[in-house]
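Written out below as structure tokens is the structure these notes cover.
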Amino acid sequence: DIQMTQSPSSVSASVGDRVTITCRASQDISTWLAWYQQKPGKAPELLIYTASTLQNGVPSRFSGSGSGTNFTLTISSLQPEDFAAYYCQQANSFPLTFGGGTKVEIK
Amino acid sequence: QVQLQESGPGLVKPSETLSLTCAVSGYSISSGYYWDWIRQSPGKGLEWIGSIYHTGSTSYNPSLKSRVTISVDTSKNQFSLKLTSATAADTAVYYCARRGIVASIGGFDYWGQGTLVTVSS
């Protein structure tokens, strides 16, 4: 199985801050990576797929980059509604696997 | 608007079979996409269980493969999950989701609201 490792596990930030979350794959997954946002009690929501493609309706302050084994999700200017958990997911091979999550908290 | 809705018992006894159904509205399962089951527990995070295509072709997580069956009923526009020999470790919120083949490729673009299944006597 491909292991997905996210860092940090949590980050405290203020509205307007730039936040970067890292996801590392245990082997080369090309750009087969997706990012999700999850709020408490809700299902995850797709933000980005194929590492950098913004899902329809997702604000442009979210961006993704990377290929191979190293990926980043960046929120350029944190908004109040962005405080949530974020997960990466590899779509390169079965079984599909997720990172352990990063919780973005209010500073 | 595409909507997915899980249904099934919220409480399952140990050693029994966990059965869930996902009803899809706003999109025909037969039109494409993969249809997946994912679960989330505090101890293991998000775990992919398996997927099915409208043709009936399936893929399963090897860690669960011996106990999992996913099936599709295109006439009812729904798909189902069966997990046999349930244990407390199977206690989780279970989600059904749609996975992209072309659009949103590789990503889960629509999810059900999730249903908590507790395995306990």
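Letters A, B, ... mark the chains of the structure tokens in the order given; residue numbers begin at 1 per chain; ligand numbers begin at 1, in order shown.
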With the cut-off set at 7 Å and counting only C-alpha atoms, tabulate each residue of chain A with an atom at most that distance from an atom of chain B, showing the nearest atom pair and its distance in Å to one decimal, ordered by chain and increasing number, as CSV.
residue,atom,partner,partner_atom,distance
A:Trp32,CA,B:Gly106,CA,6.9
A:Ala34,CA,B:Gly107,CA,5.8
A:Lys42,CA,B:Gln113,CA,6.5
A:Ala43,CA,B:Gln113,CA,5.7
A:Leu46,CA,B:Asp109,CA,5.6
A:Tyr49,CA,B:Gly107,CA,5.8
A:Gln55,CA,B:Ser104,CA,6.9
A:Ala91,CA,B:Gly106,CA,5.2
A:Pro95,CA,B:Asn61,CA,5.2
A:Leu96,CA,B:Trp48,CA,6.0
A:Thr97,CA,B:Trp48,CA,6.5
A:Phe98,CA,B:Leu46,CA,6.1
A:Gly100,CA,B:Gly45,CA,6.2
So that I can check the surroundings of range 70-74 of chain B, please list as an NGL selection string every protein, DNA and RNA residue that reaches within 12 Å of it, counting only C-alpha atoms and ignoring chain neighbours fewer than 4 positions away.
:B and (18-25 or 27-32 or 34-38 or 49-61 or 64-66 or 78-84 or 96)
Residue nearest Thr72 in chain A - candidates A:Gln37, A:Asn92, A:Ser52, A:Gln27, atoms counted: only C-alpha atoms
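For Thr72 in chain A, the nearest of the given residues is A:Ser52.
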Please report, as a ChimeraX atom specification, each residue of range 36-103 of chain B to which DSSP assigns strand (DSSP E or B) when run on this structure's backbone.
/B:36-41,45-52,58-60,68-73,78-83,92-100
Which of these residues is nearest to Gly66 in chain A, using only C-alpha atoms: A:Asp1, A:Glu105, A:Asp28, A:Asp17?
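Comparing A:Asp1, A:Glu105, A:Asp28, A:Asp17 against Gly66 in chain A, the winner is A:Asp28.
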